[in-house]
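> What follows is a single structure, and I will ask about it in a moment.
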Amino acid sequence: MYYLGIDIGSLSCDAVLIDAQENILATSVVPTGARNQEAIARATAEVFRATGLSETDLKATVSTGYGRDRVQSRTAAVTEITCHARGLQALKPDIRLLIDIGGQDSKAILLGRDGRVMDFAMNDKCAAGTGRFLEAMARALQVDIDELGELDNGAERNLTLSSMCTVFAESEVVSLIADGVAVNEIVRGLNRSIASRTLSLVKRVYSGIEGLPVAMSGGVARNAGVIRSLSDALNQAIFVPEKPDTVGAFGAALIAKERMENGKAA
Amino acid sequence: MMKQYFDGLVAGIERTLRENPENKSPRKIYALEVAKLGSRLYSGKKRVAWCGVTAPFDLLNAMGVTSCFVEFVGAMLASTGMAGAYLEEAEHAGYAGDTCAYHRGVIGAMRKGLMPEPDFLIATSVPCTGGLAVMETLAKHFNKDLFVLNVPQRLTEESVQYLADQIRAMVAFVENHTGESLDKENLRRAIHFTNEARVLTEEVYRLAQSVPSPANGRVLSNFGIVMALLLGTKAGVDVATAYRDEFRKMIDNGESGVADEKLRLLWIQNRIQFKNPLVDMLEADYGAAIVSDELNDITWGAIDPEVPFEGMARRAISIPFNGDVTRRIAHLQQLAKRYRIDGAINPCNWGCRQGTGARGLISEGLKEIGVPVLNLEVDCIDSRNFAEGQLRTRLEAFTEMLNERPSIW
């Protein structure tokens with residue numbers, strides 16, 4: 001039998017299909033867009049197409065992400081904090097601190113030795129420093145979001161952006177471009193802002209971060225520049241899984257399996 | 001408008017209690033007394049004093065003054081879904097949108113003519129100076145006299161005398177404004193009611209500590225702070241008696257406030273005052289019961305009728321929000337132990353320095369005894385700032401985390 005995890009976030013809808021041995025059979029990442037039912041259907045169809053399986057082969061589905069309650073086929077809905085923790089623990093069991101930056105949320109999650117969530121902190125009030133923030137900055141810089149990750153290369157100055165409000169930061173970026181500041185220095189400044197904001201979340205859950213194995217998941221973990229700045233801020237290496245944006249959906253699929261085995265469907 | 005609203009509320013609750021005496025829940029009796037207080041405040045016929053939170057309401061009740069802390073109006077506007085227009089009014093007048101919305105609501109109500117005109121005002125320096133500033137603004141707006149009780153931060157014999165002397169001066173201030181002297185017999189009766197309500201309320205809280213608890217997320221919401229307004233009255237005794245009897249009955253019958261209680265939560269400081277689905281979600285989806293509120297506790301001893309002002313002074317000084325935050329943390333730790341709390345929720349009310357300023361220290365203090373804390377970012381009054389999905393995710397993740405932990409008790 002097979003288990004499906006669906007992580008429907010503000011920017012992307014991710015699906016992961018696993019078998020009874022917890023092997024990942026297929027993953028998909030599609031843009032959420034304005035119609036989340038369509039995104040759910042597309043993400044699900046993609047993993048079925050890749051494996052030749054169908055809905056009837058599923059034993060359970062766990063949904064997560066901000067749209068978790070909108071997944072009609074779900075056996076249960078579990079928050080992304082628990083799912084990312086579970087997924088990451090399966091991928092790299094020694095990790096104790098997980099940073100997850102998605103489309104509109106950033107989270108620092110402290111994990112116990114058994115992978116349980118010991119504590120967590122999330123961004124306050126606004127979505128500055130998340131995927132949406134980077135999207136807006138890429139727009140202001142007139143570059144593709146996927147290019148942003150390497151655009152900090154060669155920057156020499158540690159530019160400080162005065163504001164972390166997405167709207168104000170966007171206008172500041174526009175002003176810096178107009179002032180002739182090099183793009184790589186602006187991008188590095190943006191990455192450092194995200195790192196600084198994330199560091200305060202990390203310190204809230206665990207102040208003695210030194211030496212604690214750290215990982216990062218979520219779509220923003222694909223941005224190498226952010227990882228570099230965050231690694232500098234934490235003064236240590238950060239483990240990034242091969243497919244960081246599907247860690248939550250993988251965790252959801254694992255929880256689906258565990259719950260069926262424990263007879264706890266909802 | 002407000003008089004009609006409260007009169008309608010009183011009539012509706014009284015009718016319900018009359019027609020369904022078997023459903024005479026303590027919360028209905030409590031709501032009836034709150035509605036009656038609202039009706040008196042807006043009657044235009046009673047002597048009214050707007051007050052600070054730690055004013056001696058039993059003494060004012062004994063002097064025939066309808067008295068209430070101003071934050072009551074902010075909470076009322078939020079609970080009736082009317083706050084938005086009054087908050088905007090205050091913002092249009094220049095009050096920043098990230099200041100305390102309890103107080104912004106009061107300022108908006110004052111500017112739009114919704115605050116009943118008081119005969120005089122009695123401010124208190126505790127729990128917050130923002131409240132004191134609002135009282136000064138109200139006094140100026142209505143051109144009424146303001147008396148300020150400066151509550152010392154430490155409980156010593158000298159500080160008790162200092163505040164007791166101020167309370168004596170306050171009595172003279174009130175007598176001067178009402179033209180009536182404090183009746184010794186009225187005072188003695190009020191103190192008797194206060195002490196009776198105190199014993200009963202302690203018993204209510206003791207019963208709420210049972211596992212499972214007869215309390216849930218609604219039944220004792222705002223209870224402690226509003227009960228202060230009913231001190232010195234028979235109504236206060238009746239409300240506390242109703243709660244005690246109901247909780248005893250529930251425990252005897254093996255009933256709990258939340259069916260299949262799985263998690264026991266402590267709510268720090270103020271509740272969210274406008275209608276929202278979060279408490280119901282916690283209970284229905286996770287069996288998580290809010291069994292204790294930080295503001296629901298008795299931290300003071302019985303008032304000696306021979307030296308009543310000293311007892312009232314001790315009471316005001318005793319509240320854990322007074323003094324440095326270590327007092328508040330120690331109190332929260334005691335509550336967590338008494339109620340066998342699995343986790344605490346701090347809404348960190350926007351604009352409130354008490355709510356946000358100490359949140360890191362409070363988290364650390366509760367973590368020290370093994371109780372995790374969820375810090376939210378909520379404006380407890382202004383629903384315009386309410387991000388339900390965001391809050392739901394944080395609360396659900398918190399309960400998922402608590403469910404995975406072995407109980408520390």
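Residues are named by chain letter and number: chains run A, B, ... in the order of the structure tokens, numbers start at 1 in each chain, and ligands are numbered from 1 in the order shown.
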Write out as JSON, numbers by chain all residues of segment 247-341 of chain B that DSSP puts in alpha helix (DSSP H) for this structure's backbone.
{"B": [247, 248, 249, 250, 251, 252, 278, 279, 280, 281, 282, 283, 284, 285, 286, 308, 309, 310, 311, 312, 313, 314, 315, 316, 317, 318, 325, 326, 327, 328, 329, 330, 331, 332, 333, 334, 335, 336, 337, 338, 339]}
> Write the residues you've just listed into a file as a PDB file, in the first residue's frame, and include C-alpha atoms for each of them.

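Just written: part_25.pdb:
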```pdb
ATOM      1  CA  PHE B 247     -18.105  22.912  39.501  1.00  0.00           C
ATOM      2  CA  ARG B 248     -18.813  20.744  42.556  1.00  0.00           C
ATOM      3  CA  LYS B 249     -21.764  19.148  40.783  1.00  0.00           C
ATOM      4  CA  MET B 250     -19.730  18.489  37.656  1.00  0.00           C
ATOM      5  CA  ILE B 251     -16.901  16.885  39.607  1.00  0.00           C
ATOM      6  CA  ASP B 252     -19.354  14.745  41.596  1.00  0.00           C
ATOM      7  CA  LEU B 278      -9.702  29.337  18.151  1.00  0.00           C
ATOM      8  CA  VAL B 279     -10.850  28.175  21.597  1.00  0.00           C
ATOM      9  CA  ASP B 280     -13.515  25.921  20.064  1.00  0.00           C
ATOM     10  CA  MET B 281     -10.924  24.520  17.669  1.00  0.00           C
ATOM     11  CA  LEU B 282      -8.521  23.734  20.526  1.00  0.00           C
ATOM     12  CA  GLU B 283     -11.244  21.919  22.427  1.00  0.00           C
ATOM     13  CA  ALA B 284     -12.968  20.078  19.590  1.00  0.00           C
ATOM     14  CA  ASP B 285      -9.925  19.056  17.571  1.00  0.00           C
ATOM     15  CA  TYR B 286      -7.337  18.519  20.296  1.00  0.00           C
ATOM     16  CA  PRO B 308     -10.377  47.959  55.832  1.00  0.00           C
ATOM     17  CA  PHE B 309      -8.224  50.449  53.930  1.00  0.00           C
ATOM     18  CA  GLU B 310      -5.049  48.608  54.854  1.00  0.00           C
ATOM     19  CA  GLY B 311      -6.567  45.358  53.550  1.00  0.00           C
ATOM     20  CA  MET B 312      -7.614  47.050  50.297  1.00  0.00           C
ATOM     21  CA  ALA B 313      -4.116  48.508  49.961  1.00  0.00           C
ATOM     22  CA  ARG B 314      -2.557  45.050  50.413  1.00  0.00           C
ATOM     23  CA  ARG B 315      -4.917  43.681  47.787  1.00  0.00           C
ATOM     24  CA  ALA B 316      -3.940  46.302  45.200  1.00  0.00           C
ATOM     25  CA  ILE B 317      -0.229  45.885  45.859  1.00  0.00           C
ATOM     26  CA  SER B 318      -0.483  42.073  45.728  1.00  0.00           C
ATOM     27  CA  VAL B 325       8.476  40.761  36.229  1.00  0.00           C
ATOM     28  CA  THR B 326      10.065  38.113  38.460  1.00  0.00           C
ATOM     29  CA  ARG B 327       6.914  38.340  40.580  1.00  0.00           C
ATOM     30  CA  ARG B 328       4.748  37.662  37.587  1.00  0.00           C
ATOM     31  CA  ILE B 329       6.922  34.758  36.472  1.00  0.00           C
ATOM     32  CA  ALA B 330       6.873  33.197  39.954  1.00  0.00           C
ATOM     33  CA  HIS B 331       3.079  33.501  39.975  1.00  0.00           C
ATOM     34  CA  LEU B 332       2.775  31.871  36.543  1.00  0.00           C
ATOM     35  CA  GLN B 333       5.012  29.035  37.712  1.00  0.00           C
ATOM     36  CA  GLN B 334       2.762  28.532  40.747  1.00  0.00           C
ATOM     37  CA  LEU B 335      -0.342  28.463  38.548  1.00  0.00           C
ATOM     38  CA  ALA B 336       1.290  25.957  36.177  1.00  0.00           C
ATOM     39  CA  LYS B 337       2.082  23.662  39.087  1.00  0.00           C
ATOM     40  CA  ARG B 338      -1.305  24.032  40.783  1.00  0.00           C
ATOM     41  CA  TYR B 339      -3.234  23.342  37.589  1.00  0.00           C
TER      42      TYR B 339
END
```
> Would you pick out the contacts of segment 114-120 of chain A at 9 Å or less, using only C-alpha atoms, so that residues sharing its chain but fewer than 3 positions from it are not included, and give the list as a PyMOL selection string?
(chain A and resi 81-82+85-86+88-90+93-96+107-111+201-202+204-206) or (chain B and resi 372-374+397-398+400-402+404-405)
> For the selection just defined, write its residues with N, CA and C atoms to a file, as a PDB file, in the first residue's frame.

```
ATOM      1  N   ILE A  81       4.733  22.453  10.671  1.00  0.00           N
ATOM      2  CA  ILE A  81       5.837  22.382  11.646  1.00  0.00           C
ATOM      3  C   ILE A  81       6.132  20.909  11.953  1.00  0.00           C
ATOM      4  N   THR A  82       5.087  20.180  12.293  1.00  0.00           N
ATOM      5  CA  THR A  82       5.244  18.759  12.609  1.00  0.00           C
ATOM      6  C   THR A  82       5.717  17.974  11.380  1.00  0.00           C
ATOM      7  N   ALA A  85       9.402  18.639  10.454  1.00  0.00           N
ATOM      8  CA  ALA A  85      10.256  17.990  11.443  1.00  0.00           C
ATOM      9  C   ALA A  85      10.350  16.489  11.172  1.00  0.00           C
ATOM     10  N   ARG A  86       9.200  15.889  10.899  1.00  0.00           N
ATOM     11  CA  ARG A  86       9.168  14.431  10.666  1.00  0.00           C
ATOM     12  C   ARG A  86       9.918  14.065   9.392  1.00  0.00           C
ATOM     13  N   LEU A  88      12.302  15.780   7.821  1.00  0.00           N
ATOM     14  CA  LEU A  88      13.733  16.030   7.932  1.00  0.00           C
ATOM     15  C   LEU A  88      14.402  14.958   8.784  1.00  0.00           C
ATOM     16  N   GLN A  89      13.708  14.556   9.845  1.00  0.00           N
ATOM     17  CA  GLN A  89      14.287  13.549  10.740  1.00  0.00           C
ATOM     18  C   GLN A  89      14.531  12.240   9.987  1.00  0.00           C
ATOM     19  N   ALA A  90      13.620  11.919   9.052  1.00  0.00           N
ATOM     20  CA  ALA A  90      13.796  10.695   8.256  1.00  0.00           C
ATOM     21  C   ALA A  90      14.971  10.835   7.291  1.00  0.00           C
ATOM     22  N   PRO A  93      18.758  12.089  10.471  1.00  0.00           N
ATOM     23  CA  PRO A  93      18.300  11.954  11.867  1.00  0.00           C
ATOM     24  C   PRO A  93      19.099  12.758  12.891  1.00  0.00           C
ATOM     25  N   ASP A  94      20.330  13.163  12.566  1.00  0.00           N
ATOM     26  CA  ASP A  94      21.122  13.849  13.598  1.00  0.00           C
ATOM     27  C   ASP A  94      20.805  15.346  13.703  1.00  0.00           C
ATOM     28  N   ILE A  95      19.962  15.868  12.835  1.00  0.00           N
ATOM     29  CA  ILE A  95      19.663  17.310  12.859  1.00  0.00           C
ATOM     30  C   ILE A  95      18.870  17.674  14.118  1.00  0.00           C
ATOM     31  N   ARG A  96      19.256  18.773  14.760  1.00  0.00           N
ATOM     32  CA  ARG A  96      18.548  19.225  15.971  1.00  0.00           C
ATOM     33  C   ARG A  96      17.814  20.548  15.758  1.00  0.00           C
ATOM     34  N   LYS A 107      10.219  29.567   9.895  1.00  0.00           N
ATOM     35  CA  LYS A 107      10.119  28.859  11.175  1.00  0.00           C
ATOM     36  C   LYS A 107      11.476  28.350  11.610  1.00  0.00           C
ATOM     37  N   ALA A 108      11.695  28.381  12.907  1.00  0.00           N
ATOM     38  CA  ALA A 108      12.840  27.684  13.484  1.00  0.00           C
ATOM     39  C   ALA A 108      12.253  26.596  14.371  1.00  0.00           C
ATOM     40  N   ILE A 109      12.683  25.365  14.142  1.00  0.00           N
ATOM     41  CA  ILE A 109      12.096  24.222  14.866  1.00  0.00           C
ATOM     42  C   ILE A 109      13.213  23.470  15.579  1.00  0.00           C
ATOM     43  N   LEU A 110      13.087  23.369  16.888  1.00  0.00           N
ATOM     44  CA  LEU A 110      14.070  22.624  17.673  1.00  0.00           C
ATOM     45  C   LEU A 110      13.604  21.171  17.769  1.00  0.00           C
ATOM     46  N   LEU A 111      14.470  20.245  17.390  1.00  0.00           N
ATOM     47  CA  LEU A 111      14.087  18.835  17.378  1.00  0.00           C
ATOM     48  C   LEU A 111      14.763  18.076  18.507  1.00  0.00           C
ATOM     49  N   LEU A 201      14.795  34.246  15.131  1.00  0.00           N
ATOM     50  CA  LEU A 201      13.856  33.131  15.362  1.00  0.00           C
ATOM     51  C   LEU A 201      14.590  31.954  15.996  1.00  0.00           C
ATOM     52  N   VAL A 202      15.774  31.672  15.446  1.00  0.00           N
ATOM     53  CA  VAL A 202      16.578  30.548  15.943  1.00  0.00           C
ATOM     54  C   VAL A 202      16.919  30.750  17.417  1.00  0.00           C
ATOM     55  N   ARG A 204      15.376  32.383  19.552  1.00  0.00           N
ATOM     56  CA  ARG A 204      14.201  32.287  20.423  1.00  0.00           C
ATOM     57  C   ARG A 204      13.938  30.850  20.858  1.00  0.00           C
ATOM     58  N   VAL A 205      14.228  29.902  19.973  1.00  0.00           N
ATOM     59  CA  VAL A 205      13.978  28.515  20.376  1.00  0.00           C
ATOM     60  C   VAL A 205      15.178  27.879  21.067  1.00  0.00           C
ATOM     61  N   TYR A 206      16.376  28.381  20.749  1.00  0.00           N
ATOM     62  CA  TYR A 206      17.550  27.794  21.395  1.00  0.00           C
ATOM     63  C   TYR A 206      18.698  28.780  21.309  1.00  0.00           C
TER      64      TYR A 206
ATOM     65  N   PRO B 372       6.145  24.470  28.119  1.00  0.00           N
ATOM     66  CA  PRO B 372       6.407  25.270  26.917  1.00  0.00           C
ATOM     67  C   PRO B 372       5.386  26.404  26.776  1.00  0.00           C
ATOM     68  N   VAL B 373       5.824  27.456  26.122  1.00  0.00           N
ATOM     69  CA  VAL B 373       4.958  28.632  25.935  1.00  0.00           C
ATOM     70  C   VAL B 373       4.848  28.936  24.446  1.00  0.00           C
ATOM     71  N   LEU B 374       3.641  29.196  24.000  1.00  0.00           N
ATOM     72  CA  LEU B 374       3.435  29.654  22.623  1.00  0.00           C
ATOM     73  C   LEU B 374       3.184  31.157  22.664  1.00  0.00           C
ATOM     74  N   ALA B 397       0.102  23.567  15.739  1.00  0.00           N
ATOM     75  CA  ALA B 397       1.465  23.020  15.865  1.00  0.00           C
ATOM     76  C   ALA B 397       1.842  22.878  17.335  1.00  0.00           C
ATOM     77  N   PHE B 398       1.413  23.839  18.137  1.00  0.00           N
ATOM     78  CA  PHE B 398       1.718  23.797  19.573  1.00  0.00           C
ATOM     79  C   PHE B 398       1.046  22.584  20.222  1.00  0.00           C
ATOM     80  N   GLU B 400       0.027  19.876  18.694  1.00  0.00           N
ATOM     81  CA  GLU B 400       0.670  18.659  18.162  1.00  0.00           C
ATOM     82  C   GLU B 400       1.962  18.377  18.936  1.00  0.00           C
ATOM     83  N   MET B 401       2.710  19.441  19.198  1.00  0.00           N
ATOM     84  CA  MET B 401       3.966  19.275  19.936  1.00  0.00           C
ATOM     85  C   MET B 401       3.689  18.774  21.361  1.00  0.00           C
ATOM     86  N   LEU B 402       2.693  19.356  22.021  1.00  0.00           N
ATOM     87  CA  LEU B 402       2.370  18.948  23.392  1.00  0.00           C
ATOM     88  C   LEU B 402       1.901  17.494  23.431  1.00  0.00           C
ATOM     89  N   GLU B 404       2.862  15.105  21.686  1.00  0.00           N
ATOM     90  CA  GLU B 404       3.982  14.181  21.500  1.00  0.00           C
ATOM     91  C   GLU B 404       4.869  14.096  22.743  1.00  0.00           C
ATOM     92  N   ARG B 405       4.643  14.996  23.696  1.00  0.00           N
ATOM     93  CA  ARG B 405       5.516  15.035  24.878  1.00  0.00           C
ATOM     94  C   ARG B 405       4.907  14.232  26.016  1.00  0.00           C
TER      95      ARG B 405
END
```
> Would you mind listing what lies within 9 Å of segment 44-53 of chain B as a ChimeraX atom specification, with only C-alpha atoms counted and same-chain residues fewer than 6 positions away left out?
/B:3,60,64-71,116-128,131-132,135,138,148-149,178,225,228
> Contacts between chain A and chain B, please, where a residue of chain B counts if it comes within 12 Å (with only C-alpha atoms); show its shortest atom pair and distance in Å to one decimal, rows by chain and ascending number, as JSON lines.

```
{"residue": "B:Asp98", "atom": "CA", "partner": "A:Lys125", "partner_atom": "CA", "distance": 12.0}
{"residue": "B:Asp285", "atom": "CA", "partner": "A:Ala266", "partner_atom": "CA", "distance": 9.5}
{"residue": "B:Tyr286", "atom": "CA", "partner": "A:Ala266", "partner_atom": "CA", "distance": 10.7}
{"residue": "B:Gly343", "atom": "CA", "partner": "A:Asp119", "partner_atom": "CA", "distance": 11.3}
{"residue": "B:Cys348", "atom": "CA", "partner": "A:Asp124", "partner_atom": "CA", "distance": 11.1}
{"residue": "B:Trp350", "atom": "CA", "partner": "A:Lys125", "partner_atom": "CA", "distance": 10.3}
{"residue": "B:Arg359", "atom": "CA", "partner": "A:Arg204", "partner_atom": "CA", "distance": 10.8}
{"residue": "B:Gly360", "atom": "CA", "partner": "A:Arg204", "partner_atom": "CA", "distance": 8.0}
{"residue": "B:Leu361", "atom": "CA", "partner": "A:Arg204", "partner_atom": "CA", "distance": 11.0}
{"residue": "B:Ser363", "atom": "CA", "partner": "A:Arg204", "partner_atom": "CA", "distance": 9.5}
{"residue": "B:Glu364", "atom": "CA", "partner": "A:Arg204", "partner_atom": "CA", "distance": 9.8}
{"residue": "B:Lys367", "atom": "CA", "partner": "A:Asp119", "partner_atom": "CA", "distance": 10.2}
{"residue": "B:Gly370", "atom": "CA", "partner": "A:Met118", "partner_atom": "CA", "distance": 10.9}
{"residue": "B:Val371", "atom": "CA", "partner": "A:Asp119", "partner_atom": "CA", "distance": 10.8}
{"residue": "B:Pro372", "atom": "CA", "partner": "A:Asp119", "partner_atom": "CA", "distance": 7.5}
{"residue": "B:Val373", "atom": "CA", "partner": "A:Asp119", "partner_atom": "CA", "distance": 8.7}
{"residue": "B:Leu374", "atom": "CA", "partner": "A:Ala121", "partner_atom": "CA", "distance": 8.2}
{"residue": "B:Asn375", "atom": "CA", "partner": "A:Ala121", "partner_atom": "CA", "distance": 8.2}
{"residue": "B:Leu376", "atom": "CA", "partner": "A:Asp124", "partner_atom": "CA", "distance": 8.1}
{"residue": "B:Glu377", "atom": "CA", "partner": "A:Asp124", "partner_atom": "CA", "distance": 6.6}
{"residue": "B:Val378", "atom": "CA", "partner": "A:Lys125", "partner_atom": "CA", "distance": 8.8}
{"residue": "B:Asp379", "atom": "CA", "partner": "A:Lys125", "partner_atom": "CA", "distance": 10.7}
{"residue": "B:Asn385", "atom": "CA", "partner": "A:Lys125", "partner_atom": "CA", "distance": 9.0}
{"residue": "B:Phe386", "atom": "CA", "partner": "A:Lys125", "partner_atom": "CA", "distance": 9.8}
{"residue": "B:Ala387", "atom": "CA", "partner": "A:Lys125", "partner_atom": "CA", "distance": 8.7}
{"residue": "B:Glu388", "atom": "CA", "partner": "A:Tyr66", "partner_atom": "CA", "distance": 10.8}
{"residue": "B:Gly389", "atom": "CA", "partner": "A:Tyr66", "partner_atom": "CA", "distance": 7.0}
{"residue": "B:Gln390", "atom": "CA", "partner": "A:Tyr66", "partner_atom": "CA", "distance": 8.0}
{"residue": "B:Leu391", "atom": "CA", "partner": "A:Lys125", "partner_atom": "CA", "distance": 10.2}
{"residue": "B:Arg392", "atom": "CA", "partner": "A:Tyr66", "partner_atom": "CA", "distance": 9.4}
{"residue": "B:Thr393", "atom": "CA", "partner": "A:Thr79", "partner_atom": "CA", "distance": 6.3}
{"residue": "B:Arg394", "atom": "CA", "partner": "A:Met122", "partner_atom": "CA", "distance": 7.9}
{"residue": "B:Leu395", "atom": "CA", "partner": "A:Thr79", "partner_atom": "CA", "distance": 9.5}
{"residue": "B:Glu396", "atom": "CA", "partner": "A:Thr79", "partner_atom": "CA", "distance": 6.6}
{"residue": "B:Ala397", "atom": "CA", "partner": "A:Thr79", "partner_atom": "CA", "distance": 5.6}
{"residue": "B:Phe398", "atom": "CA", "partner": "A:Asp119", "partner_atom": "CA", "distance": 8.3}
{"residue": "B:Thr399", "atom": "CA", "partner": "A:Thr79", "partner_atom": "CA", "distance": 10.1}
{"residue": "B:Glu400", "atom": "CA", "partner": "A:Thr82", "partner_atom": "CA", "distance": 7.2}
{"residue": "B:Met401", "atom": "CA", "partner": "A:Val117", "partner_atom": "CA", "distance": 5.7}
{"residue": "B:Leu402", "atom": "CA", "partner": "A:Met118", "partner_atom": "CA", "distance": 8.7}
{"residue": "B:Asn403", "atom": "CA", "partner": "A:Val117", "partner_atom": "CA", "distance": 10.3}
{"residue": "B:Glu404", "atom": "CA", "partner": "A:Arg116", "partner_atom": "CA", "distance": 7.0}
{"residue": "B:Arg405", "atom": "CA", "partner": "A:Arg116", "partner_atom": "CA", "distance": 8.2}
{"residue": "B:Pro406", "atom": "CA", "partner": "A:Arg116", "partner_atom": "CA", "distance": 11.3}
```
> Can you spit out the residues from that selection as a PDB file, in the first residue's frame, using C-alpha atoms?

```pdb
ATOM      1  CA  ASP B  98      -0.063  49.904  17.314  1.00  0.00           C
ATOM      2  CA  ASP B 285      -9.925  19.056  17.571  1.00  0.00           C
ATOM      3  CA  TYR B 286      -7.337  18.519  20.296  1.00  0.00           C
ATOM      4  CA  GLY B 343       1.484  24.336  27.910  1.00  0.00           C
ATOM      5  CA  CYS B 348       1.263  39.063  23.583  1.00  0.00           C
ATOM      6  CA  TRP B 350      -0.262  44.230  20.556  1.00  0.00           C
ATOM      7  CA  ARG B 359       7.383  37.596  26.867  1.00  0.00           C
ATOM      8  CA  GLY B 360      10.931  36.227  26.547  1.00  0.00           C
ATOM      9  CA  LEU B 361      11.435  36.177  30.311  1.00  0.00           C
ATOM     10  CA  SER B 363       8.826  31.884  28.276  1.00  0.00           C
ATOM     11  CA  GLU B 364      12.127  31.155  29.967  1.00  0.00           C
ATOM     12  CA  LYS B 367      10.339  26.483  30.372  1.00  0.00           C
ATOM     13  CA  GLY B 370       9.094  22.184  31.849  1.00  0.00           C
ATOM     14  CA  VAL B 371       6.089  24.129  30.557  1.00  0.00           C
ATOM     15  CA  PRO B 372       6.407  25.270  26.917  1.00  0.00           C
ATOM     16  CA  VAL B 373       4.958  28.632  25.935  1.00  0.00           C
ATOM     17  CA  LEU B 374       3.435  29.654  22.623  1.00  0.00           C
ATOM     18  CA  ASN B 375       3.874  33.355  21.963  1.00  0.00           C
ATOM     19  CA  LEU B 376       1.272  34.669  19.562  1.00  0.00           C
ATOM     20  CA  GLU B 377       0.993  38.098  17.998  1.00  0.00           C
ATOM     21  CA  VAL B 378      -2.606  39.066  18.639  1.00  0.00           C
ATOM     22  CA  ASP B 379      -4.435  42.287  19.075  1.00  0.00           C
ATOM     23  CA  ASN B 385      -5.501  42.590  12.739  1.00  0.00           C
ATOM     24  CA  PHE B 386      -6.714  39.029  13.218  1.00  0.00           C
ATOM     25  CA  ALA B 387      -5.000  36.530  10.918  1.00  0.00           C
ATOM     26  CA  GLU B 388      -6.968  33.395  11.717  1.00  0.00           C
ATOM     27  CA  GLY B 389      -5.034  31.019   9.467  1.00  0.00           C
ATOM     28  CA  GLN B 390      -1.687  32.106  10.881  1.00  0.00           C
ATOM     29  CA  LEU B 391      -2.868  31.778  14.469  1.00  0.00           C
ATOM     30  CA  ARG B 392      -4.560  28.467  13.810  1.00  0.00           C
ATOM     31  CA  THR B 393      -1.321  27.009  12.420  1.00  0.00           C
ATOM     32  CA  ARG B 394       0.651  28.146  15.464  1.00  0.00           C
ATOM     33  CA  LEU B 395      -1.932  26.799  17.915  1.00  0.00           C
ATOM     34  CA  GLU B 396      -2.301  23.507  16.072  1.00  0.00           C
ATOM     35  CA  ALA B 397       1.465  23.020  15.865  1.00  0.00           C
ATOM     36  CA  PHE B 398       1.718  23.797  19.573  1.00  0.00           C
ATOM     37  CA  THR B 399      -0.912  21.218  20.512  1.00  0.00           C
ATOM     38  CA  GLU B 400       0.670  18.659  18.162  1.00  0.00           C
ATOM     39  CA  MET B 401       3.966  19.275  19.936  1.00  0.00           C
ATOM     40  CA  LEU B 402       2.370  18.948  23.392  1.00  0.00           C
ATOM     41  CA  ASN B 403       0.629  15.727  22.359  1.00  0.00           C
ATOM     42  CA  GLU B 404       3.982  14.181  21.500  1.00  0.00           C
ATOM     43  CA  ARG B 405       5.516  15.035  24.878  1.00  0.00           C
ATOM     44  CA  PRO B 406       5.175  12.927  27.991  1.00  0.00           C
TER      45      PRO B 406
END
```
> Using DSSP assignments from the backbone, pull out every residue in segment 136-225 of chain A that falls under strand (DSSP E or B) and give it to me as a count of residues only.
4
> Excluding Ser221 of chain B and residues on its chain fewer than 4 positions from it, collect all residues at most 8 Å away from it, counting only C-alpha atoms, and give them as a PDB file with N, CA and C atoms, in the first residue's frame.

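Contents of selection.pdb, as written:
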```
ATOM      1  N   GLY B 217     -12.590  26.589  27.988  1.00  0.00           N
ATOM      2  CA  GLY B 217     -12.067  27.837  27.433  1.00  0.00           C
ATOM      3  C   GLY B 217     -12.983  29.030  27.516  1.00  0.00           C
ATOM      4  N   ARG B 271      -7.632  37.628  27.394  1.00  0.00           N
ATOM      5  CA  ARG B 271      -8.218  36.799  26.340  1.00  0.00           C
ATOM      6  C   ARG B 271      -8.435  37.643  25.081  1.00  0.00           C
ATOM      7  N   ASP B 293      -6.400  30.868  33.813  1.00  0.00           N
ATOM      8  CA  ASP B 293      -6.019  32.164  33.245  1.00  0.00           C
ATOM      9  C   ASP B 293      -5.117  32.855  34.258  1.00  0.00           C
TER      10      ASP B 293
END
```
